[in-house]
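A.B. asks: Following this message is one structure expressed as structure tokens.
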Amino acid sequence: MADAGAGSARRMWCSVPERLQLHMAMLALQFGYAGFHVVSRAALNMGISKIVFIVYRNVIAFLLLAPFAYFLEKKERPAITLNFLVQFFLLALVGITANQGFYLLGLDNTSPTFASAIQNSVPAITFLMAAVLRIEKVRLDRKDGIAKVLGTAFCVAGASVITLYKGPTIYSPAPPLHAAAGPVWRPTLALGDAEGKNWTLGCVYLIGHCLSWSGWLVLQAPVLKKYPARLSVTSYTCFFGLLQFLVISAFIERNASAWLVHTGAEVFSIFYAGVVASGIAFAVQIWCIDRGGPVFVAVYQPVQTLVVAIMASIALGEQFYLGGIIGAVLIIAGLYLVLWGKNEERKFTLEKAAIQSAPEHGNTRLPAHIKAPSSLAQPLLPPSTENV
């Protein structure tokens, strides 16, 4: 009976058009990511040590990813060498250690909504890094090049506004009716806004998180060309990131009681981060990138910010400030400009390739000075949530 039910559900899912499947999967993915922001903030509010939270999260993620990497990529995984191990270690240093460390430090001093909003600048920062390193060419003589430059400028401006200008409170949810009965609600009410914390420093940490994320994207592109086994690369990166955090914890978190999980809520937050944000979301995003492309996946990123804002307002009583709203709008506008530019660049490359592959008449050739624009081999957003 169970097999029959599973088969029926599978047939129903297969009968849904693939485009609709992609949209449903991406919406579910954004809700999963949004929940991660809120759950992580709740974990910090409950008093979980930042380093302990990250270590446990990466233990769960590694235990989830490693078996799939081992069995699914047995044939395509190259032999491991010392050179590869050094590259995986460096990827972990940037994409796990610096990235996740900066994220939690930033989240602890700001709020889930603005942590999510600043993450929208990652594609623009990635483009800027790739341009500086000459991995990607900036073509200011074409509209796609101008759009990417303008989008990057918008994202930088938005991040600067969020960091330097908090502004007045625009929206502050009213506490529930039972708030007056006792102090139980007060810690939760303050949770979303990190009252008493350094907002500017938190935004600086979050910018460091985005820089690390973008650096991880840029650095892993050449690694994946030599070691084309994405799951294995992610597993190795997670493993070395875990080792690095264990070394850091030996100096920072020496209190043995900090490693004990005391409540069911703490267990839930750790497992959510490891299973949902690092396991399920990873598989869904890989599938969506494979079927819909990186631009399709990246376009949904601002939906996550909207969902986080709703969740954080309801669950955490998060307040919204003018500076954060202005900055978020600028960053999202910049994101779409960069994505539009990338999409136009892809169209231009495909059209040029079609012209070159068409039968030649009278030895007619395109001018030699026209070259196809280079582009990052990596998608605009990472196929893994290990970097969050």
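Ordered as shown in the structure tokens, chains take letters A, B, and onward, while each chain numbers its residues from 1 and ligands are numbered from 1 in the order shown.
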Can you list, as a PyMOL selection string, all residues belonging to segment 61-206 of chain A that DSSP tags as alpha helix (DSSP H)?

C.D. replies: chain A and resi 61-72+82-92+99-109+112-119+122-132+143-164+186-191+199-206

A.B. asks: Tell me, which residues of segment 98-322 of chain A carry DSSP strand (DSSP E or B), written as a ChimeraX atom specification?

C.D. replies: /A:169-171,320-321

A.B. asks: Keeping all heavy atoms, export the residues of the selection given above as a PDB file, in the first residue's frame.

C.D. replies:
```pdb
ATOM      1  N   THR A 169      12.544  54.434  12.952  1.00  0.00           N
ATOM      2  CA  THR A 169      11.761  53.204  12.852  1.00  0.00           C
ATOM      3  C   THR A 169      10.561  53.440  11.948  1.00  0.00           C
ATOM      4  O   THR A 169       9.769  54.347  12.180  1.00  0.00           O
ATOM      5  CB  THR A 169      11.287  52.750  14.243  1.00  0.00           C
ATOM      6  OG1 THR A 169      12.418  52.578  15.100  1.00  0.00           O
ATOM      7  CG2 THR A 169      10.524  51.441  14.157  1.00  0.00           C
ATOM      8  N   ILE A 170      10.425  52.606  10.914  1.00  0.00           N
ATOM      9  CA  ILE A 170       9.300  52.709   9.985  1.00  0.00           C
ATOM     10  C   ILE A 170       8.142  51.828  10.421  1.00  0.00           C
ATOM     11  O   ILE A 170       6.977  52.173  10.294  1.00  0.00           O
ATOM     12  CB  ILE A 170       9.744  52.331   8.557  1.00  0.00           C
ATOM     13  CG1 ILE A 170      10.819  53.298   8.067  1.00  0.00           C
ATOM     14  CG2 ILE A 170       8.564  52.320   7.596  1.00  0.00           C
ATOM     15  CD1 ILE A 170      10.364  54.742   7.987  1.00  0.00           C
ATOM     16  N   TYR A 171       8.492  50.653  10.933  1.00  0.00           N
ATOM     17  CA  TYR A 171       7.450  49.708  11.357  1.00  0.00           C
ATOM     18  C   TYR A 171       7.913  49.005  12.613  1.00  0.00           C
ATOM     19  O   TYR A 171       9.027  48.487  12.681  1.00  0.00           O
ATOM     20  CB  TYR A 171       7.172  48.679  10.258  1.00  0.00           C
ATOM     21  CG  TYR A 171       6.272  47.551  10.703  1.00  0.00           C
ATOM     22  CD1 TYR A 171       4.909  47.757  10.892  1.00  0.00           C
ATOM     23  CD2 TYR A 171       6.791  46.278  10.955  1.00  0.00           C
ATOM     24  CE1 TYR A 171       4.085  46.721  11.314  1.00  0.00           C
ATOM     25  CE2 TYR A 171       5.964  45.234  11.372  1.00  0.00           C
ATOM     26  CZ  TYR A 171       4.612  45.469  11.544  1.00  0.00           C
ATOM     27  OH  TYR A 171       3.806  44.453  11.966  1.00  0.00           O
ATOM     28  N   PHE A 320      11.557  47.586  11.556  1.00  0.00           N
ATOM     29  CA  PHE A 320      12.170  47.952  10.280  1.00  0.00           C
ATOM     30  C   PHE A 320      12.536  49.427  10.298  1.00  0.00           C
ATOM     31  O   PHE A 320      11.753  50.275  10.733  1.00  0.00           O
ATOM     32  CB  PHE A 320      11.220  47.649   9.113  1.00  0.00           C
ATOM     33  CG  PHE A 320      10.815  46.206   9.042  1.00  0.00           C
ATOM     34  CD1 PHE A 320       9.481  45.829   9.187  1.00  0.00           C
ATOM     35  CD2 PHE A 320      11.759  45.221   8.858  1.00  0.00           C
ATOM     36  CE1 PHE A 320       9.110  44.495   9.146  1.00  0.00           C
ATOM     37  CE2 PHE A 320      11.408  43.884   8.807  1.00  0.00           C
ATOM     38  CZ  PHE A 320      10.083  43.528   8.953  1.00  0.00           C
ATOM     39  N   TYR A 321      13.743  49.722   9.804  1.00  0.00           N
ATOM     40  CA  TYR A 321      14.263  51.079   9.833  1.00  0.00           C
ATOM     41  C   TYR A 321      14.397  51.626   8.414  1.00  0.00           C
ATOM     42  O   TYR A 321      14.581  50.870   7.448  1.00  0.00           O
ATOM     43  CB  TYR A 321      15.618  51.110  10.533  1.00  0.00           C
ATOM     44  CG  TYR A 321      15.573  50.597  11.950  1.00  0.00           C
ATOM     45  CD1 TYR A 321      15.872  49.265  12.239  1.00  0.00           C
ATOM     46  CD2 TYR A 321      15.197  51.422  12.998  1.00  0.00           C
ATOM     47  CE1 TYR A 321      15.809  48.777  13.530  1.00  0.00           C
ATOM     48  CE2 TYR A 321      15.132  50.948  14.302  1.00  0.00           C
ATOM     49  CZ  TYR A 321      15.437  49.628  14.563  1.00  0.00           C
ATOM     50  OH  TYR A 321      15.368  49.149  15.848  1.00  0.00           O
TER      51      TYR A 321
END
```

A.B. asks: Would you mind listing what lies within 8 Å of His37 of chain A as a ChimeraX atom specification, with only C-alpha atoms counted and same-chain residues fewer than 2 positions away left out?

C.D. replies: /A:33-35,39-41,112-113,115-116,308

A.B. asks: Keeping N, CA and C atoms for every residue in the selection just given, could you write it to a file as an mmCIF file, in the first residue's frame?

C.D. replies:
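For reference, part27.cif as written:
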```
data_model
loop_
_atom_site.group_PDB
_atom_site.id
_atom_site.type_symbol
_atom_site.label_atom_id
_atom_site.label_comp_id
_atom_site.auth_asym_id
_atom_site.auth_seq_id
_atom_site.Cartn_x
_atom_site.Cartn_y
_atom_site.Cartn_z
ATOM 1 N N TYR A 33 15.394 28.817 3.178
ATOM 2 C CA TYR A 33 16.484 29.745 3.500
ATOM 3 C C TYR A 33 16.027 30.820 4.490
ATOM 4 N N ALA A 34 14.804 31.318 4.276
ATOM 5 C CA ALA A 34 14.288 32.350 5.181
ATOM 6 C C ALA A 34 14.181 31.803 6.597
ATOM 7 N N GLY A 35 13.705 30.571 6.709
ATOM 8 C CA GLY A 35 13.631 29.949 8.024
ATOM 9 C C GLY A 35 14.987 29.821 8.675
ATOM 10 N N VAL A 39 15.741 31.086 12.328
ATOM 11 C CA VAL A 39 16.143 30.060 13.299
ATOM 12 C C VAL A 39 17.535 30.353 13.858
ATOM 13 N N SER A 40 18.453 30.814 12.996
ATOM 14 C CA SER A 40 19.807 31.153 13.464
ATOM 15 C C SER A 40 19.761 32.297 14.466
ATOM 16 N N ARG A 41 18.920 33.297 14.186
ATOM 17 C CA ARG A 41 18.806 34.426 15.115
ATOM 18 C C ARG A 41 18.201 33.974 16.437
ATOM 19 N N PRO A 112 17.585 39.377 11.035
ATOM 20 C CA PRO A 112 17.501 38.433 9.913
ATOM 21 C C PRO A 112 17.165 39.093 8.583
ATOM 22 N N THR A 113 16.268 40.092 8.600
ATOM 23 C CA THR A 113 15.848 40.723 7.344
ATOM 24 C C THR A 113 17.007 41.411 6.647
ATOM 25 N N ALA A 115 20.215 40.915 7.167
ATOM 26 C CA ALA A 115 21.228 39.931 6.776
ATOM 27 C C ALA A 115 20.869 39.336 5.420
ATOM 28 N N SER A 116 19.583 39.029 5.239
ATOM 29 C CA SER A 116 19.124 38.496 3.953
ATOM 30 C C SER A 116 19.214 39.544 2.856
ATOM 31 N N VAL A 308 11.657 36.481 4.869
ATOM 32 C CA VAL A 308 12.351 36.694 6.148
ATOM 33 C C VAL A 308 11.714 37.852 6.912
#
```

A.B. asks: For Phe88 of chain A, list every protein, DNA or RNA residue within 6 Å, evaluated using only C-alpha atoms, and leave out those in the same chain fewer than 3 positions away; present the list as an MDAnalysis selection string.

C.D. replies: chainID A and resid 85 91 237

A.B. asks: Take the residues just selected and output them with N, CA, C and O atoms as a short mmCIF file (atom, residue, chain, number, x, y, z; two decimals), in the first residue's frame.

C.D. replies:
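Final file, out_14.cif:
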```
data_model
loop_
_atom_site.label_atom_id
_atom_site.label_comp_id
_atom_site.auth_asym_id
_atom_site.auth_seq_id
_atom_site.Cartn_x
_atom_site.Cartn_y
_atom_site.Cartn_z
N LEU A 85 44.10 18.92 -2.02
CA LEU A 85 43.80 19.09 -0.60
C LEU A 85 44.08 20.52 -0.13
O LEU A 85 43.31 21.08 0.65
N LEU A 91 39.57 26.82 0.06
CA LEU A 91 38.15 27.05 -0.18
C LEU A 91 37.37 27.04 1.13
O LEU A 91 36.46 27.85 1.33
N THR A 237 35.33 20.53 1.32
CA THR A 237 35.33 21.89 1.84
C THR A 237 34.68 21.94 3.22
O THR A 237 35.19 22.58 4.15
#
```

A.B. asks: May I ask which of the residues A:Ala131, A:Leu337, A:Leu64, A:Ala250 is the closest one to Lys148 of chain A, counting only C-alpha atoms?

C.D. replies: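 Once distances to Lys148 of chain A are computed over only C-alpha atoms, the minimum belongs to A:Leu337.
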
A.B. asks: Find the residues near Phe102 of chain A: any atom within 8 Å, counting only C-alpha atoms, skip ones fewer than 5 places away on the same chain, and give them as a list in words.

C.D. replies: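 Within the cut-off, the hits are Tyr205, Leu206, Gly208 and His209 of chain A.
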
A.B. asks: Go ahead and dump the residues you just picked, all heavy atoms, as an mmCIF file, in the first residue's frame.

C.D. replies:
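Output file out_38.cif is given in full below:
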```
data_model
loop_
_atom_site.group_PDB
_atom_site.id
_atom_site.type_symbol
_atom_site.label_atom_id
_atom_site.label_comp_id
_atom_site.auth_asym_id
_atom_site.auth_seq_id
_atom_site.Cartn_x
_atom_site.Cartn_y
_atom_site.Cartn_z
ATOM 1 N N TYR A 205 30.356 43.217 9.427
ATOM 2 C CA TYR A 205 30.530 41.757 9.440
ATOM 3 C C TYR A 205 29.784 41.110 8.273
ATOM 4 O O TYR A 205 30.296 40.186 7.621
ATOM 5 C CB TYR A 205 30.010 41.169 10.756
ATOM 6 C CG TYR A 205 30.930 41.353 11.938
ATOM 7 C CD1 TYR A 205 30.432 41.727 13.191
ATOM 8 C CD2 TYR A 205 32.305 41.128 11.827
ATOM 9 C CE1 TYR A 205 31.263 41.885 14.289
ATOM 10 C CE2 TYR A 205 33.148 41.282 12.923
ATOM 11 C CZ TYR A 205 32.624 41.658 14.147
ATOM 12 O OH TYR A 205 33.449 41.801 15.229
ATOM 13 N N LEU A 206 28.551 41.577 8.015
ATOM 14 C CA LEU A 206 27.754 41.000 6.932
ATOM 15 C C LEU A 206 28.372 41.286 5.561
ATOM 16 O O LEU A 206 28.291 40.461 4.649
ATOM 17 C CB LEU A 206 26.315 41.524 6.990
ATOM 18 C CG LEU A 206 25.465 40.989 8.145
ATOM 19 C CD1 LEU A 206 24.108 41.668 8.182
ATOM 20 C CD2 LEU A 206 25.291 39.480 8.031
ATOM 21 N N GLY A 208 31.575 41.516 5.160
ATOM 22 C CA GLY A 208 32.655 40.527 5.137
ATOM 23 C C GLY A 208 32.132 39.160 4.738
ATOM 24 O O GLY A 208 32.790 38.415 4.004
ATOM 25 N N HIS A 209 30.929 38.827 5.216
ATOM 26 C CA HIS A 209 30.282 37.561 4.836
ATOM 27 C C HIS A 209 30.043 37.500 3.324
ATOM 28 O O HIS A 209 30.342 36.489 2.674
ATOM 29 C CB HIS A 209 28.965 37.452 5.613
ATOM 30 C CG HIS A 209 27.938 36.567 4.990
ATOM 31 N ND1 HIS A 209 28.095 35.210 4.846
ATOM 32 C CD2 HIS A 209 26.706 36.854 4.469
ATOM 33 C CE1 HIS A 209 27.011 34.694 4.271
ATOM 34 N NE2 HIS A 209 26.171 35.670 4.032
#
```

A.B. asks: Identify, on the basis of only C-alpha atoms, every residue whose closest approach to Leu164 of chain A does not exceed 9 Å; exclude the query and any residue fewer than 3 positions from it along the same chain; express the result as a PyMOL selection string.

C.D. replies: chain A and resi 159-161+200+203+323

A.B. asks: Between atom CA of Leu242 of chain A and atom CA of Val94 of chain A, measure the distance and give it in Å to one decimal.

C.D. replies: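 The value is 12.5 Å.
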
A.B. asks: Record the distance separating atom CA of Ile248 of chain A and atom CA of Val52 of chain A, expressed in Å with one decimal.

C.D. replies: 10.6 Å
